[in-house]
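Worksheet: the structure to be examined is printed underneath.
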Amino acid sequence: MFSAIGTHGPILSPLADTLFDLFFVGFAILLFTNSKPSKMQSFFFLSFVFIIVAGRVILQPLPNVQPVTMAVFLMGAHQGARRGMSFAILVTLLSNLFIGDGWWTLFQAIGWSVVAVLGASATARSSAKIELNVLLPMLVASSILFDLITSLSLIDSSTTLTSFISILYSGLLYDMFHILGNLCFAVWLGESMQDFLMPIENIHEESVPAEDLHVISG
Amino acid sequence: MKPQHPGIILLFVLLMSLQTTASTSSSYSFVWEHQFEDGYITTGPVIFDDMVFVRTSGYWIEDERPQVTAFDFDGNVLWNHTNNASTQHDMAPLLVVENGEGVCGSWETMLIVPWANGDLTAHDVSTGELVWNQSTMVDQWGLTGRAIVLDDHVIVPTRHGLSEFCLADGVEQVKFELGLGWRNGASKDPNGTWMGDENGTLWSIHNGTVEQFDAGEGFIRHPPVITNAGVVVHLQTSNGSEILLFNTTSKSFTLLNESGPSPGFPTSIGSFVMTTDSTHVRIFDCALACVQVDSIKSHSNGEVGVDENNRIWVPQNVMKGGMLILSLNATGVIVSSSSFNTTLDGYSTASPAFSSSSDSIMVFGNDFGALRLYSQKNDVFSDEKEYNLTEFLIGFAFLLFVSISAKFVIKGSKIWALRLLLTSLLISLLLISPQLMTLLQESKPEAFLQKDEEAWSPDWPHEWNNTQVVIIDLPDGQIIDGGFTGHDTVYSLTVAMAEKNNISIDVQEFYFGVFIESFSGVYGNGWEFKVDGELGEISADQSEMPGSGILRWTLAS
């Protein structure tokens with residue numbers, strides 16, 4: 001994470017860099033396991049992580065057009081904040097292995113974790129589908145928030161308020177693509193993704209007693 | 001309103017696309033283009049009779065050399081003259097002298113060409129045949145400034161002064177040792193000649209008497225402009241420029257205004273004087289005392305052209321190029337401004353040339369070495385419009401999506417309308433993202449510009465003037481090289497400099513751009529760059545490099 005190629009930020013040795021990565025992966029796994037997932041839920045969760053990582057890597061040539069923000073938001077909305085944050089950290093670390101790792105990885109993980117929390121607080125019931133008229137504005141807000149958080153990675157001792165605003169100004173075009181990209185993903189894949197995420201909530205491994213089965217079928 | 005037929009939508013979309021992507025101005029139509037294989041065009045073409053004369057320029061290393069070429073209005077090459085001895089940038093304007101006679105003899109209509117290797121050649125305008133050839137002193141450079149005609153002499157600013165040559169036979173008649181000059185053309189008033197130099201000195205040669213006046217610390221790199229109020233010069237300073245008026249009675253300078261860096265050639269338009277530089281075009285009313293009347297944002301560092309309708313054409317010396325067209329009212333106020341763009345827009349300092357013949361010809365060239373002729377003639381050529389196929393397809397696709405989206409809205413399927421609308425918007429913006437990025441960077445408020453002073457060093461070779469210079473601040477010393485031209489991006493320029501100086505560079509490519517990790521194996525905390533003192537905030541391959549400027553690479557702190 002801290003190879004810090006071409007940016008400001010701390011430089012660590014490869015060993016220290018690896019240890020940091022392992023620490024954050026471990027933290028992410030801890031967050032996920034604390035939410036007491038079933039085996040099936042774990043399987044779907046990891047599958048979803050890899051799908052979104054692949055999506056982010058494949059869409060890498062398009063500047064800031066990636067499905068992660070929407071996926072993280074919906075994960076938080078339908079699976080809760082802990083799983084959402086875990087998802088955010090794992091997707092960030094794994095996809096940055098392919099795209100490029102640096103000081104900014106930490107801020108991306110934090111940014112998407114905040115989006116997951118935002119998603120979790122956006123719905124009263126995780127099993128309720130979020131309508132587009134709510135989802136789209138929330139994704140705009142999430143994208144802006146994420147971009148702001150990741151811009152903080154460019155701050156160093158010489159950064160003034162003016163220069164920071166200048167940095168934000170320079171990134172406006174990428175922010176626009178990020179917002180538009182998420183809106184596009186939402187209108188094309190939002191419903192499907194919510195369908196994918198929601199049923200996992202209700203999958204349990206405990207068997208139903210036989211007498212209850214008769215009652216149900218009766 | 002329900003569409004009656006899908007074909008109507010398609011036709012509407014097609015017509016809108018055609019209209020929005022037409023790229024010529026409404027008054028001029030494209031006729032022909034000539035692409036020079038080598039070199040670029042930095043001084044405006046000249047039109048005489050039915051001929052167009054143009055010169056190419058460059059820093060020649062291999063077999064290529066600068067040339068002067070004559071075309072007819074149909075684009076056929078009439079003649080070509082190559083100067084095999086000239087290897088530096090040839091920027092002095094061409095001069096057509098009509099036939100005449102004087103004390104020192106008679107002459108036919110000629111094209112006078114000052115060369116950077118010190119040659120001054122006179123050519124028959126019809127055949128290009130050399131009439132006479134004179135050599136002047138070379139001190140790294142030879143002739144770079146504008147020549148003028150006075151009676152039967154041609155007055156030429158030389159490297160160390162000014163010389164007068166007989167038009168009939170080219171024999172030098174008079175020679176004055178003045179200051180070191182570069183692109184410092186001469187101007188004449190009823191009694192003599194004015195000229196500036198690289199020391200900020202304004203020289204006056206009147207009735208054989210030479211006087212010098214100190215305009216300040218800077219360079220005068222243009223012909224002074226003679227007005228009723230005095231002599232106007234646009235002094236290039238280390239911080240920008242100063243527009244000064246020299247009062248010929250009190251023999252003193254008055255500061256009219258401070259302005260942006262890299263001033264172009266001030267131009268006289270009636271009683272008004274127009275100045276250009278990297279930030280503004282300014283109009284001064286110099287009928288009595290020079291007073292600034294108006295200004296407009298612009299980035300122009302060379303010549304300007306004036307057409308037969310007194311519209312002023314200002315080439316923009318930026319990556320997206322094009323020309324700003326201004327019209328002034330009787331008081332010098334800018335009453336209209338528009339732009340003229342083509343598919344080959346790019347950096348340009350050469351003015352367009354206009355012919356007031358019945359064909360109303362306009363011809364111009366740019367730093368890509370492309371020469372184009374346009375006409376206002378009302379015939380088959382004037383019906384040709386120049387379209388950019390890519391832009392047309394983008395416009396067509398976008399409008400098609402929007403129209404289909406509208407149809408879905410009407411049918412009640414909002415989700416499909418949203419899908420098509422958002423997707424088409426995203427794709428369109430992605431396709432024009434380079435232009436959007438440039439637009440954002442160029443419209444960045446000045447308050448947000450992180451700019452340090454990047455001063456030109458007097459130790460640098462003069463042939464680096466108006467070229468691209470690269471500085472790499474390594475821990476054990478600086479590596480500096482200049483004389484580069486034509487590199488549009490920081491990355492392109494850096495790679496060229498590194499290759500020329502055998503500097504190894506490590507590059508990392510990310511989805512958001514290319515970053516340089518190391519120079520000569522030095523990684524540090526990463527490398528950052530500044531262009532003319534302004535910190536680069538996007539990747540090197542996406543950062544513009546101006547046609548002339550200083551690129552500095554330093555280790556990040």
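Residues in the structure tokens are named by chain (A, B, ... in the order shown) and by number from 1 within that chain; ligands are numbered from 1 in the order shown.
By chain and then residue number, the residues within 6 Å of segment 479-489 of chain B are Trp464, Thr467, Gln468, Val469, Val470, Ile471, Ile472, Asp541, Ser543, Glu544 and Met545 of chain B, counting only C-alpha atoms and disregarding those fewer than 6 positions away in sequence.
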Quick one: write out the picked residues with N, CA and C atoms as a PDB file, in the first residue's frame?
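Written output follows (selection.pdb):
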ATOM      1  N   TRP B 464      17.756  28.983 -27.777  1.00  0.00           N
ATOM      2  CA  TRP B 464      16.695  28.381 -26.995  1.00  0.00           C
ATOM      3  C   TRP B 464      15.499  29.328 -26.844  1.00  0.00           C
ATOM      4  N   THR B 467      11.650  28.428 -27.385  1.00  0.00           N
ATOM      5  CA  THR B 467      11.571  26.975 -27.560  1.00  0.00           C
ATOM      6  C   THR B 467      11.224  26.360 -26.204  1.00  0.00           C
ATOM      7  N   GLN B 468      11.196  25.042 -26.169  1.00  0.00           N
ATOM      8  CA  GLN B 468      10.872  24.339 -24.933  1.00  0.00           C
ATOM      9  C   GLN B 468      12.172  23.915 -24.238  1.00  0.00           C
ATOM     10  N   VAL B 469      12.247  24.284 -22.979  1.00  0.00           N
ATOM     11  CA  VAL B 469      13.462  23.999 -22.190  1.00  0.00           C
ATOM     12  C   VAL B 469      13.084  23.066 -21.040  1.00  0.00           C
ATOM     13  N   VAL B 470      13.937  22.088 -20.768  1.00  0.00           N
ATOM     14  CA  VAL B 470      13.673  21.132 -19.693  1.00  0.00           C
ATOM     15  C   VAL B 470      14.798  21.207 -18.663  1.00  0.00           C
ATOM     16  N   ILE B 471      14.409  21.255 -17.397  1.00  0.00           N
ATOM     17  CA  ILE B 471      15.376  21.252 -16.293  1.00  0.00           C
ATOM     18  C   ILE B 471      15.037  20.067 -15.401  1.00  0.00           C
ATOM     19  N   ILE B 472      16.031  19.248 -15.109  1.00  0.00           N
ATOM     20  CA  ILE B 472      15.833  18.147 -14.162  1.00  0.00           C
ATOM     21  C   ILE B 472      16.744  18.410 -12.979  1.00  0.00           C
ATOM     22  N   ASP B 541       1.387  12.892 -19.126  1.00  0.00           N
ATOM     23  CA  ASP B 541       0.915  12.686 -20.497  1.00  0.00           C
ATOM     24  C   ASP B 541      -0.346  13.475 -20.784  1.00  0.00           C
ATOM     25  N   SER B 543      -0.760  16.606 -19.311  1.00  0.00           N
ATOM     26  CA  SER B 543      -0.458  18.009 -19.051  1.00  0.00           C
ATOM     27  C   SER B 543       0.082  18.654 -20.317  1.00  0.00           C
ATOM     28  N   GLU B 544      -0.530  19.788 -20.646  1.00  0.00           N
ATOM     29  CA  GLU B 544      -0.109  20.526 -21.833  1.00  0.00           C
ATOM     30  C   GLU B 544       1.254  21.134 -21.646  1.00  0.00           C
ATOM     31  N   MET B 545       1.993  21.187 -22.736  1.00  0.00           N
ATOM     32  CA  MET B 545       3.264  21.905 -22.740  1.00  0.00           C
ATOM     33  C   MET B 545       3.132  23.006 -23.783  1.00  0.00           C
TER      34      MET B 545
END
| request: Pick out each residue of segment 248-426 of chain B that DSSP on the backbone tags as strand (DSSP E); I need them as a VMD selection string. | output: chain B and resid 252 to 259 267 to 269 272 to 276 280 to 285 291 to 297 305 to 306 312 to 315 323 to 328 334 to 340 353 to 355 361 to 365 370 to 375
Restrict the selected residues to C-alpha atoms and save them as a short mmCIF file (atom, residue, chain, number, x, y, z; two decimals), in the first residue's frame.
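Here's the written file out_22.cif:
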data_model
loop_
_atom_site.label_atom_id
_atom_site.label_comp_id
_atom_site.auth_asym_id
_atom_site.auth_seq_id
_atom_site.Cartn_x
_atom_site.Cartn_y
_atom_site.Cartn_z
CA SER B 252 10.85 59.51 -21.80
CA PHE B 253 8.82 56.35 -21.35
CA THR B 254 5.38 56.11 -19.80
CA LEU B 255 4.02 52.82 -18.58
CA LEU B 256 0.64 52.23 -20.24
CA ASN B 257 -0.03 48.89 -18.60
CA GLU B 258 1.54 45.75 -17.26
CA SER B 259 0.46 42.58 -18.96
CA THR B 267 -0.17 46.12 -34.30
CA SER B 268 -1.38 49.46 -35.52
CA ILE B 269 -5.06 49.57 -36.55
CA PHE B 272 -5.41 52.29 -32.30
CA VAL B 273 -2.65 49.97 -31.18
CA MET B 274 -3.37 46.39 -30.25
CA THR B 275 -1.02 44.41 -28.03
CA THR B 276 -1.07 40.67 -27.40
CA HIS B 280 -4.82 39.52 -22.93
CA VAL B 281 -5.41 41.43 -26.09
CA ARG B 282 -5.39 45.13 -25.24
CA ILE B 283 -6.57 48.04 -27.35
CA PHE B 284 -5.04 51.47 -26.90
CA ASP B 285 -6.29 54.70 -28.42
CA VAL B 291 -5.02 55.19 -23.36
CA GLN B 292 -6.25 51.66 -22.95
CA VAL B 293 -9.77 51.43 -24.28
CA ASP B 294 -10.56 47.76 -23.97
CA SER B 295 -9.11 44.31 -23.43
CA ILE B 296 -10.12 40.68 -23.79
CA LYS B 297 -8.62 37.43 -22.54
CA GLY B 305 -3.89 39.83 -39.19
CA VAL B 306 -6.47 42.39 -40.30
CA ILE B 312 -8.65 41.51 -36.38
CA TRP B 313 -7.59 37.87 -36.46
CA VAL B 314 -5.54 36.80 -33.45
CA PRO B 315 -3.93 33.33 -33.64
CA MET B 323 -8.10 32.28 -34.03
CA LEU B 324 -9.91 34.93 -32.08
CA ILE B 325 -11.71 37.39 -34.37
CA LEU B 326 -12.36 40.87 -33.01
CA SER B 327 -14.21 43.87 -34.33
CA LEU B 328 -13.72 47.36 -32.90
CA ILE B 334 -14.38 45.50 -28.87
CA VAL B 335 -17.93 45.13 -30.12
CA SER B 336 -17.76 41.54 -31.21
CA SER B 337 -15.55 38.55 -30.69
CA SER B 338 -15.82 35.15 -32.27
CA SER B 339 -13.54 32.24 -32.98
CA PHE B 340 -12.36 30.54 -36.10
CA ALA B 353 -2.89 36.84 -44.74
CA PHE B 354 -5.78 38.37 -46.62
CA SER B 355 -6.27 39.33 -50.21
CA ILE B 361 -8.70 34.92 -50.01
CA MET B 362 -7.47 34.10 -46.54
CA VAL B 363 -4.42 31.93 -45.97
CA PHE B 364 -2.68 30.89 -42.76
CA GLY B 365 -0.29 28.32 -41.35
CA ALA B 370 -0.05 23.04 -42.38
CA LEU B 371 -0.89 25.85 -44.81
CA ARG B 372 -4.54 26.41 -45.60
CA LEU B 373 -6.36 28.67 -48.01
CA TYR B 374 -9.94 29.80 -47.61
CA SER B 375 -12.15 31.79 -49.90
#
List every residue of chain A that has an atom at most 7 Å from any atom of chain B, and for each one report the closest atom pair and its distance in Å to one decimal, counting only C-alpha atoms, with rows sorted by chain and then by increasing residue number, as a Markdown table.
| residue | atom | partner | partner_atom | distance |
| --- | --- | --- | --- | --- |
| A:Ile5 | CA | B:Gly526 | CA | 6.2 |
| A:Gly6 | CA | B:Gly526 | CA | 4.1 |
| A:Thr7 | CA | B:Gly526 | CA | 5.9 |
| A:His8 | CA | B:Asn525 | CA | 6.6 |
| A:Gln60 | CA | B:Tyr511 | CA | 5.5 |
| A:Pro61 | CA | B:Tyr511 | CA | 5.3 |
| A:Pro63 | CA | B:Phe512 | CA | 6.0 |
| A:Ile99 | CA | B:Phe510 | CA | 6.6 |
| A:Gly100 | CA | B:Phe510 | CA | 6.7 |
| A:Thr162 | CA | B:Phe448 | CA | 6.0 |
| A:Ser163 | CA | B:Phe448 | CA | 6.4 |
| A:Ser166 | CA | B:Phe448 | CA | 5.1 |
| A:Ile167 | CA | B:Glu537 | CA | 6.8 |
| A:Ser170 | CA | B:Glu537 | CA | 6.8 |
| A:Leu173 | CA | B:Met437 | CA | 6.9 |
| A:Leu180 | CA | B:Leu426 | CA | 6.2 |
| A:Gly181 | CA | B:Leu426 | CA | 7.0 |
| A:Cys184 | CA | B:Leu422 | CA | 5.8 |
| A:Val187 | CA | B:Arg419 | CA | 5.7 |
| A:Trp188 | CA | B:Arg419 | CA | 6.4 |
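Picture a line from atom CA of Ile243 of chain B to atom CA of Val231 of chain B; it runs 10.6 Å.
Nearest to Val113 of chain B of all the residues B:Arg159, B:His89, B:Lys175, B:Arg55 is B:Arg55, counting only C-alpha atoms.
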| remark: Using only C-alpha atoms, the shortest atom-to-atom distance to Gln173 of chain B among B:His34, B:His160, B:Lys530, B:His153 belongs to B:His153
| Which is closer to Asp139 of chain B than all the others in B:Leu551, B:Gly102, B:His462, B:Ala229, using only C-alpha atoms? | B:His462
| request: Within 10 Å of Ala122 of chain A, counting only C-alpha atoms, which residues show up once you throw out same-chain ones fewer than 6 positions away? Write them as an MDAnalysis selection string, please. | output: chainID A and resid 73:74 76:78 116 130 134:135 138
| said: Between atom CA of Leu22 of chain A and atom CA of Val68 of chain A, what distance in Å does the model show, to one decimal? | reply: 21.3 Å
| Which of segment 3-207 of chain A fall in alpha helix (DSSP H), as a ChimeraX atom specification | /A:14-34,39-58,68-79,81-99,103-122,132-151,161-170,172-197
| said: as an MDAnalysis selection string, please: the residues near Leu183 of chain A (cut-off 8 Å, only C-alpha atoms, same-chain neighbours under 6 positions excluded). | reply: (chainID A and resid 136 139:140) or (chainID B and resid 422)
| message | Which residues are near Thr105 of chain A? Cut-off 12 Å, only C-alpha atoms, ignore same chain within fewer than 2 positions. Put them as a PyMOL selection string. | response | chain A and resi 1-5+7+9+17+20-21+24+88-97+99-103+107-112+149-154
Grab the residues selected above and save them as a PDB file, in the first residue's frame with C-alpha atoms.
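Output below, filename again.pdb:
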ATOM      1  CA  MET A   1       0.000   0.000   0.000  1.00  0.00           C
ATOM      2  CA  PHE A   2       2.667   2.464   0.910  1.00  0.00           C
ATOM      3  CA  SER A   3       4.904   2.204  -2.099  1.00  0.00           C
ATOM      4  CA  ALA A   4       3.705   5.793  -2.738  1.00  0.00           C
ATOM      5  CA  ILE A   5       4.585   5.942  -6.399  1.00  0.00           C
ATOM      6  CA  THR A   7       2.824  11.003  -4.770  1.00  0.00           C
ATOM      7  CA  GLY A   9       3.142  10.111   1.557  1.00  0.00           C
ATOM      8  CA  ASP A  17       4.100  -2.663   3.118  1.00  0.00           C
ATOM      9  CA  PHE A  20       0.149  -3.274   6.515  1.00  0.00           C
ATOM     10  CA  ASP A  21      -1.822  -4.908   3.729  1.00  0.00           C
ATOM     11  CA  PHE A  24      -6.115  -4.298   6.743  1.00  0.00           C
ATOM     12  CA  ALA A  88     -15.081  -1.749   0.779  1.00  0.00           C
ATOM     13  CA  ILE A  89     -11.685  -2.559   2.264  1.00  0.00           C
ATOM     14  CA  LEU A  90     -11.335  -5.903   0.479  1.00  0.00           C
ATOM     15  CA  VAL A  91     -12.366  -4.517  -2.907  1.00  0.00           C
ATOM     16  CA  THR A  92      -9.959  -1.583  -2.534  1.00  0.00           C
ATOM     17  CA  LEU A  93      -6.969  -3.664  -1.548  1.00  0.00           C
ATOM     18  CA  LEU A  94      -7.542  -6.425  -4.084  1.00  0.00           C
ATOM     19  CA  SER A  95      -8.293  -4.196  -7.046  1.00  0.00           C
ATOM     20  CA  ASN A  96      -5.385  -1.860  -6.288  1.00  0.00           C
ATOM     21  CA  LEU A  97      -3.052  -4.836  -6.561  1.00  0.00           C
ATOM     22  CA  ILE A  99      -4.415  -0.992 -10.791  1.00  0.00           C
ATOM     23  CA  GLY A 100      -1.812   0.562  -8.593  1.00  0.00           C
ATOM     24  CA  ASP A 101      -1.061   0.689  -4.926  1.00  0.00           C
ATOM     25  CA  GLY A 102      -0.024   3.698  -2.921  1.00  0.00           C
ATOM     26  CA  TRP A 103      -0.761   6.075  -0.117  1.00  0.00           C
ATOM     27  CA  PHE A 107      -7.989   6.951   1.655  1.00  0.00           C
ATOM     28  CA  GLN A 108      -9.939   5.005  -0.944  1.00  0.00           C
ATOM     29  CA  ALA A 109     -10.660   2.299   1.617  1.00  0.00           C
ATOM     30  CA  ILE A 110     -11.775   4.908   4.133  1.00  0.00           C
ATOM     31  CA  GLY A 111     -13.852   6.707   1.528  1.00  0.00           C
ATOM     32  CA  TRP A 112     -15.704   3.611   0.449  1.00  0.00           C
ATOM     33  CA  ILE A 149     -11.976  11.897   1.080  1.00  0.00           C
ATOM     34  CA  THR A 150      -9.537  10.528  -1.492  1.00  0.00           C
ATOM     35  CA  SER A 151      -8.398  14.069  -2.339  1.00  0.00           C
ATOM     36  CA  LEU A 152      -7.181  14.334   1.244  1.00  0.00           C
ATOM     37  CA  SER A 153      -4.397  11.904   0.294  1.00  0.00           C
ATOM     38  CA  LEU A 154      -2.738  14.728  -1.652  1.00  0.00           C
TER      39      LEU A 154
END
| remark: Nearest to Val57 of chain A, restricted to only C-alpha atoms and choosing among A:Ile144, A:Phe98, A:Thr123, A:Phe44, comes out as A:Phe98
